[in-house]
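Report on one structure; see the data block that follows.
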Amino acid sequence: MQPLHALALITALAVNTAAQNALTLEEARKAMLEANPQAAAAAAGLDAARSRVTSARAGLYPSVSASAAYTRAGEQGFDPDNSYSYGFSGTQPLFAPAVTAGLRSAKASLNSSEASYDRVAAGLSYQLKAAFADILNSRETIKLSRETLKRRAENLELIRLKYQAGRENKAALMETGAVLKTAQWQHEVYLKNLRLLERKLNRLLGRSAQAEVPELVLPLPPEPPADLSAFSARLDNHYTLRAARASLAVSRASVDSSKSAILPTASASGNYAWGGTELPNSSNSWSLGASLSLPLFEGGRLRSDLAAARSSLRSSEASLKDADDEVSLNAEDALLSWREARSYLDAAKSSLDASEARAWLVRKQYLAGQSSYFEWRNVEEQLISEQNQYLAAGRGLSVSYAAFTQALGEQ
């Protein structure tokens, strides 16, 4: 039996980075965030939120406009009269609480859009890491399948020789041939699954589904920590918590806006204009002033709006607390799953080593006539099962680590 170190997924993940066509995870992530439709939609939403902040801030600045008019009028039998006017006017808010509340709301919405973008990016990054692990696992499974096919063919030839020599029965020969054909069918299934996984990766990267997938480089997962104490700062910056805080800020701005509706507003205005009937002869006029507005009666609308805004604020506060609990629990669950996957990899490796040693011994015994065909067959099946379980354990470790980083809110 040949050494199985080349079959381990963990070894497979350490692909030769010197390969010219190797695709690293970081390169793939950058390409994905540039080309993936979900990432593009989230980025467009983020740009729109930034524009709304700029628009809301403009309400604090003075506004200036220019105007011009020309009129030609007359009556039958008389010469027509010309009149024109042109000038400039401007206003400057002096006291406008609703404008500042709107600006705070727009900034909070921008924070929410940033958190939304990070949520989409983190989800896509998890899918990308899982796709890398799945493809690497599938490729190693195909390598294992090829060696299994070779061993199955050798076993069939061995049973045929023993049958021809009268040392084995026909049932064993037929069963070994059926096992070989089943392995050939399973190999085709593995090839199909690999193609489906490669298509999934291409879609994530925004590439053609038929594009060739090069060698992939996925970093090895580190050893899992004992608890979450070292990740408190990263959890505090989780996109779910940032979105909940942004929602709370929007609710507070809404309360301020509702309160400002019952407060007076003040603004200053001025204009300068020229007018007349013939150019360049004209007269000019100017004006400066200020205005003050105070609502007196709105039929209870303002009071109702304020009550609704305060209710929304209490809801946002409760949602933030719930989000904090959810983020912490999800991170702890992900850490426990990561530690479990790491422990299972060790158990799978130990079981594989024992199964490999047992298969080698029973094969030697069978060739020497010291064990039965059925015992040898069962040990062979167990070895193949342990090999596949070890590959699956390596894949599970990579995916569980990717799930943990996503639970931390990282890409």
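The chains in the structure tokens are called A, B, ... from first to last as shown; in each chain the residues are counted from 1, and the ligands are counted from 1 in the order shown.
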Region 31-38 of chain A surroundings by only C-alpha atoms, 12 Å radius, close-in-sequence under 2 positions cut, as a VMD selection string: chain A and resid 23 to 29 40 to 45 116 to 129 201 to 208 411
Any idea what's packed within 12 Å of Ser372 (chain A), counting only C-alpha atoms, ignoring anything in its chain fewer than 2 positions away? Could you give it as a list of chain:residue names?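 My reading of the contact set: A:Ile159, A:Arg167, A:Glu168, A:Asn169, A:Ala172, A:Val362, A:Arg363, A:Lys364, A:Gln365, A:Tyr366, A:Leu367, A:Ala368, A:Gly369, A:Gln370, A:Phe374, A:Glu375, A:Trp376, A:Arg377, A:Asn378, A:Val379.
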Selection to disk with N, CA and C atoms, as a CSV table (one decimal), in the first residue's frame:
```csv
chain,number,residue,atom,x,y,z
A,159,ILE,N,-8.0,-12.1,-8.2
A,159,ILE,CA,-9.1,-13.0,-8.0
A,159,ILE,C,-9.2,-13.9,-9.2
A,167,ARG,N,-8.4,-21.8,-6.5
A,167,ARG,CA,-8.3,-21.4,-5.1
A,167,ARG,C,-9.3,-20.3,-4.6
A,168,GLU,N,-10.2,-19.9,-5.6
A,168,GLU,CA,-11.2,-19.0,-5.2
A,168,GLU,C,-12.5,-19.3,-6.0
A,169,ASN,N,-13.6,-18.9,-5.4
A,169,ASN,CA,-14.9,-19.3,-6.1
A,169,ASN,C,-15.3,-18.2,-7.1
A,172,ALA,N,-16.8,-14.8,-5.8
A,172,ALA,CA,-15.8,-13.8,-5.5
A,172,ALA,C,-15.3,-13.1,-6.7
A,362,VAL,N,-3.8,-7.6,6.2
A,362,VAL,CA,-4.8,-8.5,5.7
A,362,VAL,C,-4.5,-8.9,4.3
A,363,ARG,N,-4.1,-7.9,3.5
A,363,ARG,CA,-3.7,-8.3,2.1
A,363,ARG,C,-2.6,-9.3,2.0
A,364,LYS,N,-1.6,-9.1,2.8
A,364,LYS,CA,-0.5,-10.0,2.9
A,364,LYS,C,-1.0,-11.4,3.3
A,365,GLN,N,-1.9,-11.4,4.3
A,365,GLN,CA,-2.4,-12.7,4.8
A,365,GLN,C,-3.2,-13.4,3.8
A,366,TYR,N,-4.0,-12.6,3.0
A,366,TYR,CA,-4.8,-13.2,2.0
A,366,TYR,C,-4.0,-13.8,0.9
A,367,LEU,N,-2.9,-13.1,0.5
A,367,LEU,CA,-2.0,-13.6,-0.5
A,367,LEU,C,-1.3,-14.9,-0.1
A,368,ALA,N,-1.1,-15.0,1.3
A,368,ALA,CA,-0.5,-16.2,1.8
A,368,ALA,C,-1.5,-17.2,2.2
A,369,GLY,N,-2.8,-17.0,1.9
A,369,GLY,CA,-3.8,-17.9,2.2
A,369,GLY,C,-4.2,-18.0,3.7
A,370,GLN,N,-3.9,-17.0,4.4
A,370,GLN,CA,-4.1,-17.0,5.9
A,370,GLN,C,-5.4,-16.3,6.3
A,374,PHE,N,-13.6,-12.7,2.1
A,374,PHE,CA,-14.5,-11.8,2.7
A,374,PHE,C,-13.9,-10.8,3.7
A,375,GLU,N,-12.9,-11.3,4.4
A,375,GLU,CA,-12.2,-10.5,5.4
A,375,GLU,C,-11.4,-9.4,4.6
A,376,TRP,N,-10.7,-9.9,3.6
A,376,TRP,CA,-9.9,-9.0,2.8
A,376,TRP,C,-10.8,-7.9,2.1
A,377,ARG,N,-11.9,-8.3,1.6
A,377,ARG,CA,-12.8,-7.4,0.9
A,377,ARG,C,-13.3,-6.3,1.9
A,378,ASN,N,-13.7,-6.8,3.1
A,378,ASN,CA,-14.3,-5.8,4.1
A,378,ASN,C,-13.2,-4.8,4.5
A,379,VAL,N,-12.0,-5.3,4.7
A,379,VAL,CA,-10.9,-4.4,5.1
A,379,VAL,C,-10.6,-3.4,4.0
```
With only C-alpha atoms as the counted atoms, please give the residues lying no more than 8 Å from Ser355 (chain A), apart from itself and same-chain residues fewer than 4 positions off, as a PyMOL selection string. chain A and resi 351+359+379+382-383+386
Using N, CA and C atoms, can you export the residues from the last selection as a short mmCIF file (atom, residue, chain, number, x, y, z; two decimals), in the first residue's frame?
```cif
data_model
loop_
_atom_site.label_atom_id
_atom_site.label_comp_id
_atom_site.auth_asym_id
_atom_site.auth_seq_id
_atom_site.Cartn_x
_atom_site.Cartn_y
_atom_site.Cartn_z
N SER A 351 -7.67 7.11 12.63
CA SER A 351 -8.43 5.97 12.11
C SER A 351 -7.91 5.53 10.75
N ALA A 359 -5.23 -2.92 6.48
CA ALA A 359 -5.42 -3.36 5.09
C ALA A 359 -4.14 -3.99 4.55
N VAL A 379 -11.97 -5.29 4.67
CA VAL A 379 -10.91 -4.38 5.07
C VAL A 379 -10.62 -3.37 3.97
N GLN A 382 -13.31 -0.75 4.05
CA GLN A 382 -13.12 0.13 5.21
C GLN A 382 -12.01 1.14 4.95
N LEU A 383 -10.93 0.69 4.30
CA LEU A 383 -9.83 1.59 4.00
C LEU A 383 -10.28 2.73 3.09
N GLU A 386 -12.34 5.16 5.00
CA GLU A 386 -11.54 6.00 5.88
C GLU A 386 -10.79 7.08 5.09
#
```
With only C-alpha atoms as the atoms that count, which of A:Asp322, A:Leu220, A:Leu94, A:Ala266 lies nearest to Tyr401 (chain A)?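 Between A:Asp322, A:Leu220, A:Leu94, A:Ala266, the residue approaching Tyr401 (chain A) most closely is A:Leu220.
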Just the number, please: distance in Å from CA of Gly270 (chain A) to CA of Ala101 (chain A), one decimal.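 Atom-to-atom, CA of Gly270 (chain A) to CA of Ala101 (chain A), that is 25.8 Å.
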Nearest-residue call for Ala347 (chain A), choices A:Ala323, A:Gln389, A:Gly90, A:Tyr373, using only C-alpha atoms: A:Gln389
I need the residue nearest Ala108 (chain A) from this list: A:Ser251, A:Ala402, A:Thr182, A:Ala69. Use only C-alpha atoms for the distance.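 Smallest distance to Ala108 (chain A) is found for A:Ser251.
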Go through region 178-288 of chain A residue by residue and, counting only C-alpha atoms, keep those with an atom at most 10 Å from region 132-153 of chain A; for each kept residue give the shortest atom pair and its distance in Å to one decimal, ordered by chain and increasing number, as CSV.
```
residue,atom,partner,partner_atom,distance
A:Ala178,CA,A:Arg152,CA,10.0
A:Val179,CA,A:Arg152,CA,7.4
A:Leu180,CA,A:Arg152,CA,5.5
A:Lys181,CA,A:Leu149,CA,9.0
A:Thr182,CA,A:Leu149,CA,9.6
A:Ala183,CA,A:Leu149,CA,6.3
A:Gln184,CA,A:Leu149,CA,6.8
A:Gln186,CA,A:Ser145,CA,8.1
A:His187,CA,A:Ser145,CA,6.0
A:Glu188,CA,A:Ile142,CA,9.2
A:Val189,CA,A:Ile142,CA,9.6
A:Tyr190,CA,A:Ile142,CA,6.2
A:Leu191,CA,A:Ile142,CA,7.1
A:Lys192,CA,A:Ser138,CA,9.9
A:Asn193,CA,A:Ser138,CA,7.4
A:Leu194,CA,A:Ser138,CA,5.7
A:Arg195,CA,A:Ile135,CA,8.9
A:Leu196,CA,A:Ile135,CA,9.4
A:Leu197,CA,A:Ile135,CA,6.1
A:Glu198,CA,A:Ile135,CA,6.9
A:Lys200,CA,A:Ile135,CA,9.9
A:Leu201,CA,A:Phe132,CA,7.8
A:Val213,CA,A:Ile135,CA,9.5
A:Glu215,CA,A:Leu136,CA,8.7
A:Leu216,CA,A:Phe132,CA,6.8
A:Val217,CA,A:Phe132,CA,8.0
A:Leu218,CA,A:Phe132,CA,6.8
```
DSSP on the backbone: which residues in region 168-291 of chain A end up as strand (DSSP E)? Give the answer as an MDAnalysis selection string. chainID A and resid 216:217 265:276 283:291
Pick out the closest residue to Asp305 (chain A) from this set: A:Pro62, A:Ala261, A:Lys321, A:Pro93. Count only C-alpha atoms. A:Ala261
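With only C-alpha atoms as the atoms that count, the residue of A:Thr240, A:Ser398, A:Asn271, A:Ser109 with the shortest distance to Asn284 (chain A) is A:Asn271.
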